[in-house]
Each structure stands twice: as structure tokens, then as C-alpha cells.
$ cat my_file_2.txt   # compact mmCIF, C-alpha atoms
# COMPACT_ATOMS: atom_id res chain seq x y z
CA MET W 992 -5.03 67.21 3.68
CA SER W 993 -8.04 64.88 3.95
CA LYS W 994 -11.52 66.24 4.64
CA GLU W 995 -11.59 64.32 7.92
CA LYS W 996 -8.31 65.89 9.05
CA ILE W 997 -9.58 69.35 8.05
CA ILE W 998 -12.74 69.00 10.14
CA LYS W 999 -10.80 67.64 13.13
CA GLU W 1000 -8.43 70.61 12.95
CA TYR W 1001 -11.40 72.96 12.67
CA PHE W 1002 -13.09 71.59 15.79
CA GLN W 1003 -9.79 71.70 17.70
CA SER W 1004 -9.24 75.32 16.60
CA TRP W 1005 -12.26 76.30 18.74
CA VAL W 1006 -10.81 74.56 21.79
CA ASN W 1007 -7.38 76.15 21.19
CA ASN W 1008 -8.75 79.57 20.14
CA ASP W 1009 -6.67 79.30 16.95
CA ILE W 1010 -8.15 81.59 14.31
CA SER W 1011 -5.38 80.78 11.80
CA ILE W 1012 -7.06 77.44 11.00
CA ILE W 1013 -10.24 79.23 9.88
CA ASP W 1014 -8.32 81.28 7.36
CA LYS W 1015 -6.72 78.14 5.88
CA ILE W 1016 -9.72 75.85 5.51
CA PHE W 1017 -12.67 78.04 4.43
CA SER W 1018 -13.18 79.35 0.89
CA GLU W 1019 -13.60 83.12 0.49
CA ASN W 1020 -17.34 82.75 -0.25
CA ALA W 1021 -18.07 80.12 2.38
CA ILE W 1022 -21.49 80.01 4.00
CA TYR W 1023 -21.82 78.95 7.64
CA THR W 1024 -25.21 78.40 9.30
CA GLU W 1025 -25.20 77.94 13.07
CA CYS W 1026 -27.62 75.53 14.72
CA TYR W 1027 -29.66 78.29 16.37
CA GLY W 1028 -30.07 80.63 13.38
CA PRO W 1029 -27.14 82.96 12.61
CA LYS W 1030 -25.77 82.71 9.07
CA TYR W 1031 -22.40 84.00 7.86
CA THR W 1032 -21.91 84.46 4.13
CA SER W 1033 -18.14 84.90 3.69
CA LYS W 1034 -14.85 83.86 5.26
CA LYS W 1035 -14.48 87.47 6.46
CA GLN W 1036 -17.73 87.17 8.47
CA ILE W 1037 -16.76 83.72 9.80
CA LEU W 1038 -13.42 85.11 11.03
CA LYS W 1039 -15.19 88.05 12.72
CA TRP W 1040 -17.69 85.72 14.41
CA PHE W 1041 -14.92 83.38 15.64
CA LYS W 1042 -12.97 86.26 17.14
CA GLU W 1043 -16.02 87.85 18.82
CA TRP W 1044 -17.27 84.49 20.13
CA GLN W 1045 -13.92 83.72 21.75
CA GLU W 1046 -14.05 87.05 23.62
CA LYS W 1047 -17.24 85.98 25.45
CA GLY W 1048 -16.86 82.23 25.61
CA LYS W 1049 -14.52 79.29 26.01
CA VAL W 1050 -14.88 75.94 24.25
CA ILE W 1051 -14.05 73.18 26.69
CA ALA W 1052 -14.48 70.30 24.23
CA TRP W 1053 -15.83 69.70 20.75
CA SER W 1054 -15.74 65.93 20.46
CA ILE W 1055 -16.40 64.05 17.24
CA LYS W 1056 -18.51 60.91 17.60
CA ASN W 1057 -18.75 59.84 13.94
CA ILE W 1058 -17.83 61.10 10.49
CA TYR W 1059 -19.56 59.97 7.30
CA GLU W 1060 -18.11 60.96 3.93
CA ILE W 1061 -19.84 60.99 0.54
CA ASP W 1062 -17.89 62.63 -2.29
CA ARG W 1063 -17.37 66.28 -1.27
CA ILE W 1064 -19.65 66.14 1.78
CA LEU W 1065 -19.02 65.15 5.39
CA ALA W 1066 -21.72 64.52 7.97
CA VAL W 1067 -20.17 64.90 11.42
CA GLU W 1068 -21.85 63.86 14.69
CA TRP W 1069 -20.43 65.68 17.70
CA ASN W 1070 -20.78 66.90 21.27
CA PHE W 1071 -20.05 70.53 22.11
CA GLU W 1072 -19.24 71.78 25.61
CA CYS W 1073 -18.48 75.40 26.40
CA ILE W 1074 -18.73 78.23 28.87
CA TRP W 1075 -20.68 81.11 27.39
CA GLU W 1076 -21.09 84.28 29.42
CA GLU W 1077 -20.13 82.32 32.56
CA LYS W 1078 -22.71 79.53 31.97
CA LEU W 1079 -21.82 75.93 31.19
CA SER W 1080 -23.51 74.54 28.06
CA ASN W 1081 -23.41 71.07 26.55
CA PHE W 1082 -25.26 69.72 23.52
CA ASP W 1083 -25.01 67.17 20.74
CA GLY W 1084 -25.14 68.09 17.09
CA VAL W 1085 -24.52 67.28 13.47
CA SER W 1086 -22.67 69.34 10.90
CA ILE W 1087 -23.13 68.89 7.17
CA VAL W 1088 -19.88 70.15 5.59
CA GLU W 1089 -19.46 70.69 1.86
CA PHE W 1090 -16.03 71.10 0.27
CA ASP W 1091 -15.03 72.66 -3.05
CA GLU W 1092 -12.61 71.16 -5.60
CA ASN W 1093 -9.66 72.65 -3.63
CA ASN W 1094 -10.75 70.94 -0.40
CA LYS W 1095 -11.88 74.24 1.13
CA ILE W 1096 -15.13 74.38 3.10
CA ILE W 1097 -17.80 76.15 1.04
CA ASN W 1098 -20.88 75.38 3.12
CA LEU W 1099 -21.25 74.27 6.74
CA ARG W 1100 -24.64 73.77 8.39
CA GLU W 1101 -25.04 72.84 12.07
CA PHE W 1102 -27.99 71.09 13.69
CA GLU W 1103 -28.44 70.76 17.48
CA SER W 1104 -29.82 67.99 19.70
CA LYS W 1105 -30.15 67.69 23.45
CA ALA W 1106 -27.13 65.98 25.01
CA ILE W 1107 -29.18 64.26 27.68
CA HIS W 1108 -31.67 61.75 26.30
CA TYR W 1109 -34.52 60.00 28.04
CA TYR W 1110 -36.32 56.77 27.20
CA PRO W 1111 -40.09 57.10 27.70
CA TYR W 1112 -40.79 53.47 26.81
CA ALA W 1113 -37.80 51.78 28.46
CA GLU W 1114 -38.40 48.42 30.07
CA GLU W 1115 -38.43 48.57 33.86
$ encode --input "my_file_2.txt" --output "C-alpha cells"
Amino acid sequence: MSKEKIIKEYFQSWVNNDISIIDKIFSENAIYTECYGPKYTSKKQILKWFKEWQEKGKVIAWSIKNIYEIDRILAVEWNFECIWEEKLSNFDGVSIVEFDENNKIINLREFESKAIHYYPYAEE
């Protein structure tokens, strides 16, 4: 399976609450760093986090805007929309995803951006 297909299935697994995808695509020693600080240092921890997150929240959409691939690394631009503890949240982000020689994710780092942008110097 291509790296692009793997990442698309991963994003969709959050929308579908499908934990089986996580088990298939991450290496045992994978490291996952969320955009607001938490860091998970094994597939076991990533599976636990996924399960616990889905108990409190619901991903409405995780849309991919662009994917850039260089060797074993993907840079993925996206928009994430969810309901977390009964509050709607929406933000843009980028994930840097590193794969091992078996096409398993070994390192995933997320970075967040505001979804709504403003233009302070726009022409009137």
C-alpha cells in the first residue's frame, strides 16, 4: 500500500472510529506527537489514546488539502473538525509522517494553525 493511501486510511479511521487501522499501519515503537503537546511512545499507547479519545469526542471530518512526499516522509496539510466534550472545534494543521522500510509509521508529528485567517494588509 502506498504511503499516501496509508495516511488517507489513517485520517478516515478517526472519522469512522476504526481502531483496526491503527494496529495495521503503525510500527510497534512508533512515536506520535500531538499538536498541543501529548506524546505517545509506542503503538500500545497510540491505541489506548485513540480508544479513550473516541469515548469523549467525535471526528466530523479530517480533510487532506495537500500531500508532499520525499523518500520515507510525507508532509500532509489538513483541516480537522470534531466535537470534543460537546464543543465544536475546527483547525488547520500539518503532519510530518515518517515511515520505516516496511511502510509502517514510525514517527508522526502534528502542528496546528488557526482555520480562520485574516488579512491585515488586504487592499480595500
$ residues_around --input "my_file_2.txt" --residues "Ile998 (chain W)" --least-positions-apart "6" --cutoff "10 Å" --atoms "all atoms listed in the file" --output "compact mmCIF listing (two decimals) with C-alpha atoms, in the coordinates of the input"
# COMPACT_ATOMS: atom_id res chain seq x y z
CA SER W 1004 -9.24 75.32 16.60
CA ILE W 1016 -9.72 75.85 5.51
CA ILE W 1055 -16.40 64.05 17.24
CA ILE W 1058 -17.83 61.10 10.49
CA LEU W 1065 -19.02 65.15 5.39
CA VAL W 1067 -20.17 64.90 11.42
CA SER W 1086 -22.67 69.34 10.90
CA VAL W 1088 -19.88 70.15 5.59
CA ILE W 1096 -15.13 74.38 3.10
$ closest_residue --input "my_file_2.txt" --among "W:Asp1009, W:Glu1092, W:Glu1043, W:Glu1103" --to "Phe1071 (chain W)" --atoms "all atoms listed in the file"
W:Glu1103
$ atom_distance --input "my_file_2.txt" --atom1 "CA of Lys1095 (chain W)" --atom2 "CA of Gly1048 (chain W)"
26.2 Å
$ closest_residue --input "my_file_2.txt" --among "W:Ala1066, W:Ile1051, W:Ile1087, W:Ile1097" --to "Phe1017 (chain W)" --atoms "all atoms listed in the file"
W:Ile1097
$ residues_near_point --input "my_file_2.txt" --point "(-25.8, 69.7, 14.6)" --cutoff "12 Å" --atoms "all atoms listed in the file" --output "PyMOL selection string"
chain W and resi 1024-1028+1053+1055-1056+1066-1071+1082-1088+1099-1106
$ closest_residue --input "my_file_2.txt" --among "W:Asp1014, W:Glu1072, W:Glu1000, W:Asp1062" --to "Phe1041 (chain W)" --atoms "all atoms listed in the file"
W:Asp1014
$ residues_around --input "my_file_2.txt" --residues "Glu1019 (chain W)" --least-positions-apart "5" --cutoff "8 Å" --atoms "all atoms listed in the file" --output "PyMOL selection string"
chain W and resi 1033-1035
$ closest_residue --input "my_file_2.txt" --among "W:Ser993, W:Asn1098, W:Asn1008, W:Asn1020" --to "Lys1047 (chain W)" --atoms "only C-alpha atoms"
W:Asn1008
$ atom_distance --input "my_file_2.txt" --atom1 "CA of Phe1090 (chain W)" --atom2 "CA of Cys1073 (chain W)"
26.6 Å
$ closest_residue --input "my_file_2.txt" --among "W:Lys1015, W:Tyr1109, W:Trp1040, W:Val1006" --to "Met992 (chain W)" --atoms "only C-alpha atoms"
W:Lys1015
$ atom_distance --input "my_file_2.txt" --atom1 "CA of Trp1044 (chain W)" --atom2 "CA of Ile1010 (chain W)"
11.2 Å
$ closest_residue --input "my_file_2.txt" --among "W:Glu1114, W:Leu1038, W:Ala1052, W:Ser1011" --to "Tyr1023 (chain W)" --atoms "all atoms listed in the file"
W:Leu1038
$ decode --input "my_file_2.txt" --residues "region 1000-1048 of chain W" --atoms "N, CA and C atoms" --output "short mmCIF file (atom, residue, chain, number, x, y, z; two decimals), in the first residue's frame"
data_model
loop_
_atom_site.label_atom_id
_atom_site.label_comp_id
_atom_site.auth_asym_id
_atom_site.auth_seq_id
_atom_site.Cartn_x
_atom_site.Cartn_y
_atom_site.Cartn_z
N GLU W 1000 -6.19 6.43 4.79
CA GLU W 1000 -6.92 5.46 5.62
C GLU W 1000 -6.83 5.82 7.09
N TYR W 1001 -5.66 6.31 7.51
CA TYR W 1001 -5.50 6.71 8.91
C TYR W 1001 -6.45 7.85 9.26
N PHE W 1002 -6.48 8.89 8.45
CA PHE W 1002 -7.36 10.02 8.73
C PHE W 1002 -8.82 9.56 8.76
N GLN W 1003 -9.20 8.72 7.81
CA GLN W 1003 -10.58 8.23 7.75
C GLN W 1003 -10.91 7.35 8.95
N SER W 1004 -9.91 6.66 9.50
CA SER W 1004 -10.16 5.80 10.67
C SER W 1004 -10.66 6.62 11.86
N TRP W 1005 -10.25 7.87 11.96
CA TRP W 1005 -10.74 8.74 13.03
C TRP W 1005 -12.21 9.09 12.81
N VAL W 1006 -12.57 9.37 11.57
CA VAL W 1006 -13.97 9.69 11.26
C VAL W 1006 -14.85 8.47 11.51
N ASN W 1007 -14.37 7.29 11.13
CA ASN W 1007 -15.14 6.05 11.24
C ASN W 1007 -15.00 5.36 12.59
N ASN W 1008 -14.15 5.90 13.47
CA ASN W 1008 -13.86 5.25 14.76
C ASN W 1008 -13.44 3.79 14.53
N ASP W 1009 -12.46 3.61 13.66
CA ASP W 1009 -11.98 2.28 13.28
C ASP W 1009 -10.56 2.06 13.79
N ILE W 1010 -10.45 1.51 14.98
CA ILE W 1010 -9.16 1.31 15.62
C ILE W 1010 -8.30 0.26 14.92
N SER W 1011 -8.91 -0.61 14.12
CA SER W 1011 -8.15 -1.68 13.45
C SER W 1011 -7.09 -1.12 12.50
N ILE W 1012 -7.34 0.05 11.92
CA ILE W 1012 -6.38 0.67 11.01
C ILE W 1012 -5.10 1.03 11.76
N ILE W 1013 -5.25 1.53 12.97
CA ILE W 1013 -4.08 1.94 13.78
C ILE W 1013 -3.14 0.76 13.96
N ASP W 1014 -3.71 -0.37 14.29
CA ASP W 1014 -2.91 -1.57 14.55
C ASP W 1014 -2.14 -2.00 13.30
N LYS W 1015 -2.70 -1.76 12.13
CA LYS W 1015 -2.08 -2.20 10.87
C LYS W 1015 -0.97 -1.27 10.38
N ILE W 1016 -1.07 0.02 10.64
CA ILE W 1016 -0.18 0.96 9.96
C ILE W 1016 0.95 1.54 10.81
N PHE W 1017 0.88 1.38 12.13
CA PHE W 1017 1.95 1.90 12.99
C PHE W 1017 2.92 0.79 13.38
N SER W 1018 4.21 1.13 13.45
CA SER W 1018 5.21 0.17 13.95
C SER W 1018 5.04 0.05 15.46
N GLU W 1019 5.57 -1.01 16.03
CA GLU W 1019 5.44 -1.24 17.48
C GLU W 1019 6.05 -0.11 18.30
N ASN W 1020 7.14 0.48 17.82
CA ASN W 1020 7.85 1.53 18.56
C ASN W 1020 7.56 2.93 18.03
N ALA W 1021 6.42 3.10 17.39
CA ALA W 1021 6.07 4.39 16.80
C ALA W 1021 6.01 5.48 17.86
N ILE W 1022 6.34 6.68 17.44
CA ILE W 1022 6.23 7.87 18.29
C ILE W 1022 5.23 8.81 17.63
N TYR W 1023 4.29 9.32 18.41
CA TYR W 1023 3.24 10.21 17.91
C TYR W 1023 3.21 11.44 18.82
N THR W 1024 3.41 12.62 18.23
CA THR W 1024 3.38 13.87 18.98
C THR W 1024 2.20 14.69 18.50
N GLU W 1025 1.25 14.94 19.40
CA GLU W 1025 0.09 15.75 19.04
C GLU W 1025 0.46 17.22 18.97
N CYS W 1026 -0.36 18.00 18.28
CA CYS W 1026 -0.06 19.40 18.04
C CYS W 1026 -0.11 20.26 19.29
N TYR W 1027 -0.72 19.79 20.35
CA TYR W 1027 -0.81 20.61 21.57
C TYR W 1027 0.00 20.03 22.72
N GLY W 1028 0.88 19.05 22.45
CA GLY W 1028 1.82 18.63 23.47
C GLY W 1028 1.94 17.16 23.81
N PRO W 1029 0.84 16.40 23.92
CA PRO W 1029 0.97 14.99 24.31
C PRO W 1029 1.84 14.21 23.33
N LYS W 1030 2.60 13.26 23.89
CA LYS W 1030 3.49 12.43 23.09
C LYS W 1030 3.30 10.97 23.50
N TYR W 1031 3.10 10.11 22.52
CA TYR W 1031 2.90 8.68 22.75
C TYR W 1031 4.11 7.95 22.16
N THR W 1032 4.65 6.99 22.88
CA THR W 1032 5.93 6.41 22.50
C THR W 1032 5.87 4.92 22.17
N SER W 1033 4.70 4.44 21.80
CA SER W 1033 4.55 3.06 21.33
C SER W 1033 3.18 2.90 20.68
N LYS W 1034 3.05 1.87 19.86
CA LYS W 1034 1.74 1.59 19.26
C LYS W 1034 0.72 1.30 20.35
N LYS W 1035 1.12 0.65 21.40
CA LYS W 1035 0.21 0.35 22.52
C LYS W 1035 -0.39 1.64 23.09
N GLN W 1036 0.45 2.67 23.30
CA GLN W 1036 -0.05 3.94 23.81
C GLN W 1036 -0.94 4.65 22.79
N ILE W 1037 -0.59 4.57 21.51
CA ILE W 1037 -1.39 5.21 20.46
C ILE W 1037 -2.77 4.57 20.41
N LEU W 1038 -2.84 3.25 20.52
CA LEU W 1038 -4.13 2.54 20.53
C LEU W 1038 -4.97 2.96 21.74
N LYS W 1039 -4.33 3.07 22.90
CA LYS W 1039 -5.05 3.49 24.12
C LYS W 1039 -5.60 4.90 23.96
N TRP W 1040 -4.78 5.81 23.44
CA TRP W 1040 -5.20 7.19 23.23
C TRP W 1040 -6.37 7.25 22.26
N PHE W 1041 -6.29 6.52 21.14
CA PHE W 1041 -7.36 6.52 20.15
C PHE W 1041 -8.67 6.09 20.79
N LYS W 1042 -8.62 5.00 21.51
CA LYS W 1042 -9.83 4.46 22.15
C LYS W 1042 -10.41 5.45 23.16
N GLU W 1043 -9.57 6.02 24.02
CA GLU W 1043 -10.05 6.97 25.03
C GLU W 1043 -10.57 8.26 24.40
N TRP W 1044 -9.90 8.72 23.33
CA TRP W 1044 -10.35 9.94 22.66
C TRP W 1044 -11.74 9.74 22.08
N GLN W 1045 -11.97 8.61 21.45
CA GLN W 1045 -13.25 8.34 20.81
C GLN W 1045 -14.40 8.24 21.82
N GLU W 1046 -14.09 7.96 23.08
CA GLU W 1046 -15.13 7.91 24.11
C GLU W 1046 -15.64 9.30 24.48
N LYS W 1047 -14.80 10.34 24.29
CA LYS W 1047 -15.19 11.70 24.66
C LYS W 1047 -15.49 12.59 23.47
N GLY W 1048 -15.06 12.16 22.29
CA GLY W 1048 -15.19 13.02 21.13
C GLY W 1048 -15.68 12.30 19.90
#
